[in-house]
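Asker: Sending over query.cif (mmCIF, C-alpha atoms and all ligand atoms).
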```cif
data_start
loop_
_atom_site.label_atom_id
_atom_site.label_comp_id
_atom_site.auth_asym_id
_atom_site.auth_seq_id
_atom_site.Cartn_x
_atom_site.Cartn_y
_atom_site.Cartn_z
CA MET A 4 -109.02 83.41 80.70
CA LYS A 5 -105.90 84.58 78.88
CA LEU A 6 -103.91 82.14 80.93
CA ILE A 7 -105.56 79.02 79.58
CA GLY A 8 -103.01 77.02 77.64
CA SER A 9 -100.22 79.36 78.65
CA LYS A 10 -96.84 77.77 78.09
CA PHE A 11 -95.40 79.86 80.90
CA ILE A 12 -97.32 78.10 83.63
CA TYR A 13 -97.23 74.71 82.09
CA LYS A 14 -93.46 74.72 81.85
CA ASP A 15 -92.41 76.65 84.96
CA LYS A 16 -89.40 74.89 86.44
CA SER A 17 -90.34 75.56 90.06
CA LEU A 18 -93.44 73.38 89.62
CA LYS A 19 -91.83 70.51 87.75
CA GLN A 20 -91.17 67.26 89.64
CA LYS A 21 -90.30 63.66 88.94
CA VAL A 22 -92.46 61.50 91.18
CA SER A 23 -92.26 57.72 91.14
CA GLY A 24 -90.49 57.95 87.78
CA ILE A 25 -93.23 60.12 86.25
CA THR A 26 -92.59 63.71 85.17
CA PHE A 27 -95.23 66.16 86.34
CA GLU A 28 -94.94 69.63 84.78
CA ASN A 29 -97.11 70.98 87.57
CA PRO A 30 -98.68 69.47 90.70
CA VAL A 31 -102.37 70.19 90.03
CA GLY A 32 -104.39 67.17 88.92
CA LEU A 33 -108.02 66.42 88.14
CA ALA A 34 -109.35 63.96 90.73
CA ALA A 35 -111.27 60.77 89.94
CA GLY A 36 -114.99 61.27 89.38
CA PHE A 37 -115.06 63.96 86.70
CA ASP A 38 -113.96 62.02 83.62
CA TYR A 39 -115.47 58.57 84.28
CA ASN A 40 -115.42 57.45 80.67
CA ALA A 41 -112.19 59.03 79.45
CA ASN A 42 -113.71 61.79 77.32
CA LEU A 43 -111.26 64.53 78.34
CA THR A 44 -107.78 63.03 78.13
CA GLN A 45 -106.90 65.11 75.07
CA ALA A 46 -108.24 68.38 76.47
CA LEU A 47 -107.16 68.87 80.05
CA SER A 48 -103.55 69.93 79.47
CA TYR A 49 -105.03 73.04 77.79
CA LEU A 50 -106.57 73.98 81.14
CA ASN A 51 -103.10 73.72 82.70
CA PHE A 52 -103.75 70.51 84.58
CA GLY A 53 -100.49 68.75 85.39
CA PHE A 54 -102.12 65.31 85.44
CA GLN A 55 -105.48 63.60 85.33
CA SER A 56 -107.30 60.66 86.82
CA VAL A 57 -109.76 58.76 84.62
CA GLY A 58 -112.59 56.86 86.30
CA THR A 59 -113.29 55.31 88.70
CA ILE A 60 -113.63 52.47 86.19
CA THR A 61 -114.94 49.02 87.09
CA TYR A 62 -114.63 45.58 85.49
CA ILE A 63 -118.37 45.44 84.74
CA PRO A 64 -120.06 48.64 83.46
CA TYR A 65 -122.60 50.30 85.77
CA GLU A 66 -125.44 52.66 84.86
CA GLY A 67 -125.10 54.63 88.09
CA ASN A 68 -127.06 54.75 91.33
CA PRO A 69 -130.71 55.81 91.11
CA PRO A 70 -130.95 59.63 90.87
CA PRO A 71 -130.27 62.12 92.30
CA ARG A 72 -126.61 61.47 91.53
CA LEU A 73 -125.27 64.97 91.90
CA GLY A 74 -126.30 68.18 93.64
CA ARG A 75 -124.86 71.61 94.39
CA LEU A 76 -124.48 73.08 97.86
CA PRO A 77 -123.16 76.55 96.93
CA LYS A 78 -123.11 78.04 100.42
CA SER A 79 -121.23 74.99 101.71
CA ARG A 80 -118.95 75.05 98.63
CA SER A 81 -119.66 71.34 98.28
CA LEU A 82 -121.28 68.85 95.90
CA MET A 83 -123.57 65.98 96.85
CA VAL A 84 -122.22 62.88 95.10
CA ASN A 85 -124.18 59.66 94.61
CA LYS A 86 -122.80 58.26 91.37
CA GLY A 87 -121.64 54.87 92.57
CA PHE A 88 -119.12 54.43 89.73
CA LYS A 89 -121.31 55.21 86.70
CA ASN A 90 -118.96 54.03 83.94
CA LEU A 91 -118.68 51.99 80.75
CA GLY A 92 -116.31 49.36 82.17
CA THR A 93 -112.64 48.50 81.77
CA ASP A 94 -112.99 46.69 78.47
CA PHE A 95 -114.69 49.56 76.62
CA ILE A 96 -112.58 52.32 78.16
CA SER A 97 -109.24 50.56 77.68
CA LYS A 98 -110.06 50.04 73.99
CA LYS A 99 -111.01 53.70 73.69
CA LEU A 100 -107.67 54.84 75.18
CA LYS A 101 -105.44 52.25 73.56
CA ASN A 102 -104.14 54.24 70.63
CA LEU A 103 -104.00 57.65 72.25
CA GLU A 104 -100.96 59.67 73.26
CA PHE A 105 -101.26 61.84 76.37
CA LYS A 106 -99.69 65.27 76.96
CA ILE A 107 -99.97 64.89 80.75
CA PRO A 108 -99.68 61.85 83.02
CA ILE A 109 -102.92 59.88 83.15
CA GLY A 110 -103.93 57.79 86.14
CA ILE A 111 -106.52 55.05 85.79
CA SER A 112 -108.72 54.79 88.86
CA ILE A 113 -109.99 51.25 89.40
CA GLY A 114 -112.64 50.17 91.89
CA LEU A 115 -114.92 47.28 92.72
CA THR A 116 -117.82 46.69 90.28
CA ASN A 117 -120.92 48.17 91.89
CA SER A 118 -123.17 45.14 91.91
CA ASN A 119 -124.80 42.64 94.22
CA GLU A 120 -123.05 39.91 92.25
CA ASN A 121 -119.87 40.47 94.24
CA LYS A 122 -121.06 38.76 97.40
CA THR A 123 -117.85 37.36 98.83
CA LEU A 124 -114.40 38.72 99.42
CA ASP A 125 -112.97 36.30 96.85
CA GLN A 126 -115.42 37.50 94.20
CA ALA A 127 -114.63 41.13 94.99
CA ILE A 128 -110.89 40.56 94.75
CA LYS A 129 -111.25 38.66 91.46
CA ASP A 130 -113.31 41.53 90.06
CA ILE A 131 -110.70 44.17 90.92
CA VAL A 132 -107.79 42.03 89.74
CA ALA A 133 -109.60 41.38 86.43
CA ALA A 134 -109.95 45.13 85.90
CA PHE A 135 -106.21 45.70 86.49
CA LYS A 136 -105.37 42.82 84.13
CA ILE A 137 -107.41 44.32 81.31
CA PHE A 138 -105.68 47.68 81.61
CA GLU A 139 -102.21 46.26 82.05
CA ASN A 140 -102.56 44.10 78.94
CA SER A 141 -104.32 46.77 76.89
CA GLY A 142 -101.31 48.83 75.86
CA VAL A 143 -102.90 52.03 77.20
CA LYS A 144 -100.13 54.56 77.91
CA ASN A 145 -101.38 55.61 81.35
CA SER A 146 -98.64 56.59 83.80
CA TYR A 147 -100.08 55.14 86.99
CA TYR A 148 -103.10 53.51 88.65
CA GLU A 149 -105.32 54.54 91.53
CA LEU A 150 -106.93 51.76 93.51
CA ASN A 151 -110.11 53.18 94.97
CA ILE A 152 -110.93 51.35 98.19
CA SER A 153 -112.93 54.22 99.64
CA CYS A 154 -116.07 54.82 97.56
CA PRO A 155 -118.90 55.40 100.02
CA ASN A 156 -121.65 54.95 97.40
CA LEU A 157 -121.59 51.22 96.67
CA ILE A 158 -124.64 48.92 96.75
CA ASN A 159 -122.84 46.25 98.73
CA ASN A 160 -120.85 47.89 101.47
CA SER A 161 -120.32 44.65 103.39
CA ILE A 162 -116.98 43.89 101.70
CA SER A 163 -114.45 46.24 103.24
CA PHE A 164 -110.85 46.69 102.26
CA TYR A 165 -110.29 48.75 105.39
CA LYS A 166 -109.83 45.44 107.22
CA SER A 167 -106.12 44.67 107.16
CA ALA A 168 -106.55 40.98 106.27
CA ASN A 169 -108.83 41.80 103.29
CA LEU A 170 -106.59 44.56 102.00
CA LYS A 171 -103.53 42.36 102.37
CA GLN A 172 -105.17 39.61 100.33
CA LEU A 173 -106.22 42.06 97.60
CA LEU A 174 -102.76 43.60 97.37
CA GLN A 175 -101.05 40.21 97.27
CA LEU A 176 -103.08 39.26 94.20
CA ILE A 177 -102.56 42.61 92.49
CA LYS A 178 -98.84 42.31 93.20
CA ARG A 179 -98.75 39.00 91.34
CA LEU A 180 -99.75 40.86 88.16
CA LYS A 181 -96.30 42.52 88.27
CA LEU A 182 -97.78 45.82 87.10
CA LYS A 183 -95.29 48.03 85.27
CA LYS A 184 -96.94 51.20 86.53
CA SER A 185 -97.11 52.74 90.00
CA VAL A 186 -100.20 52.16 92.14
CA PHE A 187 -101.64 54.75 94.53
CA ILE A 188 -104.45 54.05 97.00
CA LYS A 189 -107.47 56.36 97.26
CA MET A 190 -108.02 56.67 100.99
CA PRO A 191 -111.12 57.38 103.07
CA ILE A 192 -111.20 60.45 105.31
CA GLU A 193 -113.86 59.27 107.76
CA LYS A 194 -111.67 56.68 109.48
CA SER A 195 -109.83 57.31 112.76
CA ASN A 196 -106.12 58.11 112.80
CA ALA A 197 -105.41 54.60 114.11
CA GLN A 198 -107.40 52.99 111.29
CA VAL A 199 -105.63 55.10 108.67
CA ILE A 200 -102.26 54.12 110.11
CA SER A 201 -103.22 50.47 110.09
CA ILE A 202 -104.22 50.72 106.39
CA CYS A 203 -100.92 52.49 105.61
CA ASN A 204 -98.95 49.78 107.41
CA VAL A 205 -100.50 47.19 105.10
CA LEU A 206 -99.57 49.38 102.10
CA ILE A 207 -95.96 49.69 103.25
CA ASN A 208 -95.73 45.95 103.92
CA SER A 209 -97.04 45.18 100.43
CA LYS A 210 -93.76 46.66 99.14
CA PHE A 211 -95.22 47.85 95.86
CA ILE A 212 -97.77 50.57 96.66
CA LYS A 213 -96.15 53.91 95.91
CA GLY A 214 -98.47 56.28 97.69
CA VAL A 215 -101.86 57.44 98.87
CA ILE A 216 -104.45 59.93 97.72
CA ILE A 217 -105.92 61.63 100.77
CA GLY A 218 -108.73 61.46 100.28
CA ASN A 219 -112.28 60.68 99.25
CA LEU A 220 -115.67 62.24 100.10
CA GLN A 221 -117.03 63.43 103.48
CA LYS A 222 -119.62 61.00 104.85
CA ASP A 223 -120.65 63.09 107.85
CA ARG A 224 -123.83 64.96 106.92
CA LYS A 225 -123.47 66.98 110.12
CA HIS A 226 -120.00 68.26 109.30
CA PRO A 227 -119.79 71.88 110.56
CA SER A 228 -118.77 73.26 107.16
CA LEU A 229 -122.02 71.97 105.59
CA VAL A 230 -124.99 74.35 105.72
CA LYS A 231 -127.87 72.32 107.24
CA SER A 232 -130.60 73.68 104.95
CA GLU A 233 -128.53 72.65 101.90
CA VAL A 234 -127.83 69.15 103.20
CA LYS A 235 -131.55 68.64 103.95
CA LYS A 236 -132.35 68.84 100.23
CA PHE A 237 -130.60 65.51 99.66
CA LYS A 238 -131.64 62.22 101.21
CA VAL A 239 -128.71 60.33 99.69
CA GLY A 240 -125.07 60.85 98.81
CA TYR A 241 -121.87 62.16 100.33
CA PHE A 242 -120.09 65.48 100.17
CA SER A 243 -117.08 66.95 98.36
CA GLY A 244 -115.31 70.30 98.55
CA LYS A 245 -114.83 72.29 101.73
CA ALA A 246 -116.45 69.54 103.83
CA CYS A 247 -113.42 67.36 103.04
CA GLU A 248 -110.65 69.89 103.52
CA GLU A 249 -109.95 69.85 107.23
CA ARG A 250 -109.83 66.07 107.65
CA SER A 251 -107.88 65.66 104.42
CA ASN A 252 -105.26 68.08 105.77
CA GLU A 253 -105.10 66.36 109.17
CA LEU A 254 -104.54 62.99 107.54
CA ILE A 255 -101.95 64.32 105.08
CA LYS A 256 -99.99 65.60 108.07
CA LEU A 257 -100.44 62.37 110.02
CA VAL A 258 -99.29 60.16 107.16
CA TYR A 259 -96.40 62.45 106.17
CA LYS A 260 -95.13 62.65 109.74
CA LYS A 261 -95.14 58.88 110.15
CA TYR A 262 -93.99 57.68 106.74
CA LYS A 263 -92.13 60.60 105.08
CA SER A 264 -90.83 59.48 101.69
CA LYS A 265 -92.02 55.88 102.15
CA LEU A 266 -95.47 56.90 100.90
CA ILE A 267 -95.96 59.63 98.30
CA ILE A 268 -99.01 61.72 99.21
CA ILE A 269 -101.44 63.22 96.72
CA GLY A 270 -103.55 65.74 98.66
CA CYS A 271 -107.21 66.01 97.67
CA GLY A 272 -110.24 67.68 99.21
CA GLY A 273 -111.46 71.27 99.22
CA VAL A 274 -108.73 72.92 97.14
CA PHE A 275 -110.23 76.20 95.86
CA SER A 276 -107.06 78.32 95.61
CA GLY A 277 -103.28 78.30 95.39
CA ALA A 278 -103.13 78.89 99.14
CA ASP A 279 -105.30 75.79 99.74
CA ALA A 280 -103.02 73.73 97.51
CA TYR A 281 -99.87 75.11 99.14
CA LYS A 282 -101.24 74.26 102.60
CA LYS A 283 -101.56 70.60 101.57
CA ILE A 284 -98.04 70.66 100.09
CA LYS A 285 -96.57 72.14 103.28
CA LEU A 286 -98.34 69.41 105.26
CA GLY A 287 -96.71 66.70 103.15
CA ALA A 288 -98.51 66.38 99.81
CA THR A 289 -96.24 66.09 96.75
CA LEU A 290 -99.11 66.56 94.30
CA ILE A 291 -102.70 67.72 94.67
CA GLN A 292 -106.01 66.90 92.99
CA LEU A 293 -109.36 68.65 92.80
CA ILE A 294 -112.82 68.68 91.28
CA THR A 295 -115.20 70.84 93.31
CA GLY A 296 -113.07 74.02 93.27
CA MET A 297 -113.14 73.94 89.47
CA ILE A 298 -116.92 73.38 89.38
CA PHE A 299 -117.58 76.46 91.52
CA GLN A 300 -114.78 78.79 90.35
CA GLY A 301 -114.47 77.80 86.70
CA PRO A 302 -111.71 76.18 84.62
CA GLN A 303 -109.34 79.16 84.91
CA LEU A 304 -108.81 78.08 88.52
CA ILE A 305 -106.12 75.61 87.48
CA ALA A 306 -103.96 78.31 85.90
CA GLN A 307 -104.60 80.54 88.91
CA ILE A 308 -103.50 77.87 91.36
CA ASN A 309 -100.31 77.25 89.39
CA LEU A 310 -99.51 80.97 89.24
CA GLU A 311 -100.20 81.38 92.96
CA LEU A 312 -98.00 78.40 93.75
CA ILE A 313 -95.12 79.89 91.78
CA ASP A 314 -95.46 83.08 93.86
CA LEU A 315 -95.81 81.27 97.19
CA LEU A 316 -92.73 79.15 96.50
CA LYS A 317 -90.74 82.23 95.55
CA LYS A 318 -91.86 84.09 98.68
CA ASP A 319 -90.67 81.20 100.85
CA GLY A 320 -87.34 81.10 99.03
CA PHE A 321 -87.88 77.70 97.38
CA GLU A 322 -86.57 76.99 93.91
CA ASN A 323 -88.70 73.91 93.46
CA ILE A 324 -91.91 72.60 94.95
CA LYS A 325 -90.08 69.51 96.28
CA GLU A 326 -88.36 71.74 98.87
CA ALA A 327 -91.73 72.86 100.26
CA VAL A 328 -93.24 69.38 100.73
CA GLY A 329 -93.84 68.76 104.44
CA GLY A 330 -92.28 72.11 105.43
CA ASP A 331 -94.94 72.72 108.11
CA VAL A 332 -94.55 69.32 109.76
CA SER A 333 -92.07 69.06 112.61
CA ALA A 334 -89.84 65.98 112.59
C1 LIG A 401 -119.00 64.24 91.04
C2 LIG A 401 -117.94 63.50 91.81
C3 LIG A 401 -117.72 62.17 91.52
C4 LIG A 401 -116.71 61.47 92.21
N1 LIG A 401 -116.44 60.17 91.87
C5 LIG A 401 -115.31 59.59 92.36
C6 LIG A 401 -114.86 58.34 91.85
O1 LIG A 401 -115.45 57.74 90.97
N2 LIG A 401 -113.72 57.82 92.38
C7 LIG A 401 -113.00 58.44 93.36
O2 LIG A 401 -111.95 57.94 93.78
N3 LIG A 401 -113.41 59.64 93.85
C8 LIG A 401 -114.53 60.22 93.38
N4 LIG A 401 -114.92 61.45 93.85
C9 LIG A 401 -114.15 62.07 94.93
C10 LIG A 401 -113.12 63.05 94.38
O3 LIG A 401 -112.15 62.37 93.60
C11 LIG A 401 -112.41 63.78 95.53
O4 LIG A 401 -111.77 62.82 96.35
C12 LIG A 401 -113.36 64.59 96.40
O5 LIG A 401 -114.38 65.19 95.63
C13 LIG A 401 -112.62 65.70 97.15
O6 LIG A 401 -112.01 66.60 96.25
P1 LIG A 401 -112.70 68.03 95.86
O7 LIG A 401 -113.09 68.66 97.15
O8 LIG A 401 -111.63 68.78 95.14
O9 LIG A 401 -113.86 67.71 94.99
C14 LIG A 401 -115.94 62.13 93.21
C15 LIG A 401 -116.20 63.48 93.50
C16 LIG A 401 -117.18 64.18 92.80
C17 LIG A 401 -117.41 65.63 93.13
#
```
Show me this structure written as structure tokens.
Answerer:
Amino acid sequence: MKLIGSKFIYKDKSLKQKVSGITFENPVGLAAGFDYNANLTQALSYLNFGFQSVGTITYIPYEGNPPPRLGRLPKSRSLMVNKGFKNLGTDFISKKLKNLEFKIPIGISIGLTNSNENKTLDQAIKDIVAAFKIFENSGVKNSYYELNISCPNLINNSISFYKSANLKQLLQLIKRLKLKKSVFIKMPIEKSNAQVISICNVLINSKFIKGVIIGNLQKDRKHPSLVKSEVKKFKVGYFSGKACEERSNELIKLVYKKYKSKLIIIGCGGVFSGADAYKKIKLGATLIQLITGMIFQGPQLIAQINLELIDLLKKDGFENIKEAVGGDVSA
């Protein structure tokens, strides 16, 4: 606990990077889904987080899916998640953040309003673009955006941005907003390699998406890392933590190998230690995010991961984390 708020970790030069014009004092971020309504933006730097995602936030507020919305699977080191973007909406949250200064980079995660009102592709695109517009014009000093196209818990799953034509149309309209801040895409992990590559090709062709967050929750209830008796307790929802780790790592490697510096990768899924984080970095992630590790291990985990990373970098003879990115991926 002594390490919480320690200047030593927060300022260590081996962990500091400039990514897409943003300075990150360390690579460990809080993933979307923990601070839906922006209650923690003034607190998280004291836990040694290097950055934070707020949201996912939607244009229209949503009270959340019918309960249960959250459950613990301790043996599986996983959480059941069925929130469906429970949040107070872009208007309220942007006003709340407007006059605040942030000690660490803040990303705003934006997704499609969870409602049956968005029946057509055009309506869905308008909804997402409206949310971006509100934030961009709000004066909030966030450093970047996340566009979440991969939430598995939405009421209307018939509109998919995994289809190239739909994603292309959405990105064209977001591009017209001439956003001043970088946009990263929150990716699914349940898609095939070919589908992930086809999504990434659309991102590259859009010429403004800076990177991908790999990735979102595990949809496969039969995933071998999930203990069957724990899964049985929940009729709904999808799974975080260790159930995400393997596929997240495979896709980080796949995307890094194919696109190298053309797409910045934020690795997310099942990080419970410095070694887990370092594995993602060596497979191509420049930054990492987590939630579930912190829920099970406690808030001191963030300091621990940073300390472990400093050691692991030193052991491998690296002066800065940038030198380690993709080190385990052959050309
Ligand atoms: C309680 C909870 C809520 C989540 N809500 C969101 C969300 O709103 N938007 C999003 O992009 N990801 C959401 N996620 C997914 C996480 O951001 C992350 O991708 C996933 O949990 C894997 O990381 P972890 O194993 O470190 O938890 C949520 C995860 C959890 C545990």
Asker: Rank nothing, just name the residue among A:Cys247, A:Lys166, A:Thr61, A:Ile25 nearest to A:Lys129, using only C-alpha atoms.
Answerer: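 Comparing A:Cys247, A:Lys166, A:Thr61, A:Ile25 against A:Lys129, the winner is A:Thr61.
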Asker: Identify which of the residues A:Asn219, A:Ser146, A:Ser17, A:Ser79 lies closest to ligand LIG 401 (chain A), counting all atoms listed in the file when measuring atom-to-atom distances.
Answerer: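 Among the listed residues, A:Asn219 lies closest to ligand LIG 401 (chain A).
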Asker: Would you mind listing, for every residue of chain A within 6 Å of ligand LIG 401 (chain A), the two atoms forming the shortest contact and the distance between them in Å to one decimal, using only C-alpha atoms and all ligand atoms, sorted by chain and ascending residue number, as CSV?
Answerer:
```
residue,atom,partner,partner_atom,distance
A:Ala34,CA,A:LIG401,O3,4.3
A:Ala35,CA,A:LIG401,O3,4.1
A:Gly36,CA,A:LIG401,N1,3.1
A:Phe37,CA,A:LIG401,C3,5.8
A:Gly58,CA,A:LIG401,O1,5.5
A:Thr59,CA,A:LIG401,O1,4.0
A:Leu82,CA,A:LIG401,C17,5.7
A:Val84,CA,A:LIG401,C1,5.4
A:Phe88,CA,A:LIG401,O1,5.1
A:Asn151,CA,A:LIG401,O2,5.2
A:Lys189,CA,A:LIG401,O2,5.9
A:Gly218,CA,A:LIG401,O4,5.2
A:Asn219,CA,A:LIG401,O4,3.6
A:Leu220,CA,A:LIG401,C12,5.0
A:Ser243,CA,A:LIG401,O5,4.2
A:Gly244,CA,A:LIG401,O7,3.1
A:Cys271,CA,A:LIG401,O6,5.0
A:Gly272,CA,A:LIG401,O6,3.6
A:Gly273,CA,A:LIG401,O7,3.7
A:Val274,CA,A:LIG401,O8,5.4
A:Leu293,CA,A:LIG401,O8,3.3
A:Ile294,CA,A:LIG401,O9,4.0
A:Thr295,CA,A:LIG401,O9,3.8
A:Gly296,CA,A:LIG401,O8,5.7
```
Asker: Fewer than 5 positions away in the same chain doesn't count, so skip those; otherwise give me all residues within 7 Å of A:Asn68, counting only C-alpha atoms, as a PyMOL selection string.
Answerer: chain A and resi 85-87
Asker: Could you dump the residues just selected with C-alpha atoms as a compact mmCIF listing (two decimals), in the frame of the given file?
Answerer:
```
# COMPACT_ATOMS: atom_id res chain seq x y z
CA ASN A 85 -124.18 59.66 94.61
CA LYS A 86 -122.80 58.26 91.37
CA GLY A 87 -121.64 54.87 92.57
```
Asker: Quick check, in Å to one decimal: how far apart do atom CA of A:Tyr39 and atom CA of A:Leu91 lie?
Answerer: 8.1 Å
Asker: Of the candidates A:Gln221, A:Thr116, A:Ser167, A:Gln126, which shows the shortest atom-to-atom distance to A:Gly67, using all atoms listed in the file?
Answerer: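 Comparing A:Gln221, A:Thr116, A:Ser167, A:Gln126 against A:Gly67, the winner is A:Thr116.
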Asker: Take atom CA of A:Lys210 and atom CA of A:Val143 and report the distance between them in Å, one decimal.
Answerer: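 That distance, rounded to one decimal, is 24.4 Å.
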Asker: May I have the protein, DNA and RNA residues with any atom at most 8 Å from the point (-101.3, 47.1, 84.4), counting all atoms listed in the file, written as number ranges by chain?
Answerer: A: 135-140, 148, 180-184
Asker: Which of these residues is nearest to A:Ile268, using all atoms listed in the file: A:Val215, A:Val31, A:Leu286, A:Ile305?
Answerer: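 Selected residue with least distance to A:Ile268: A:Val215.
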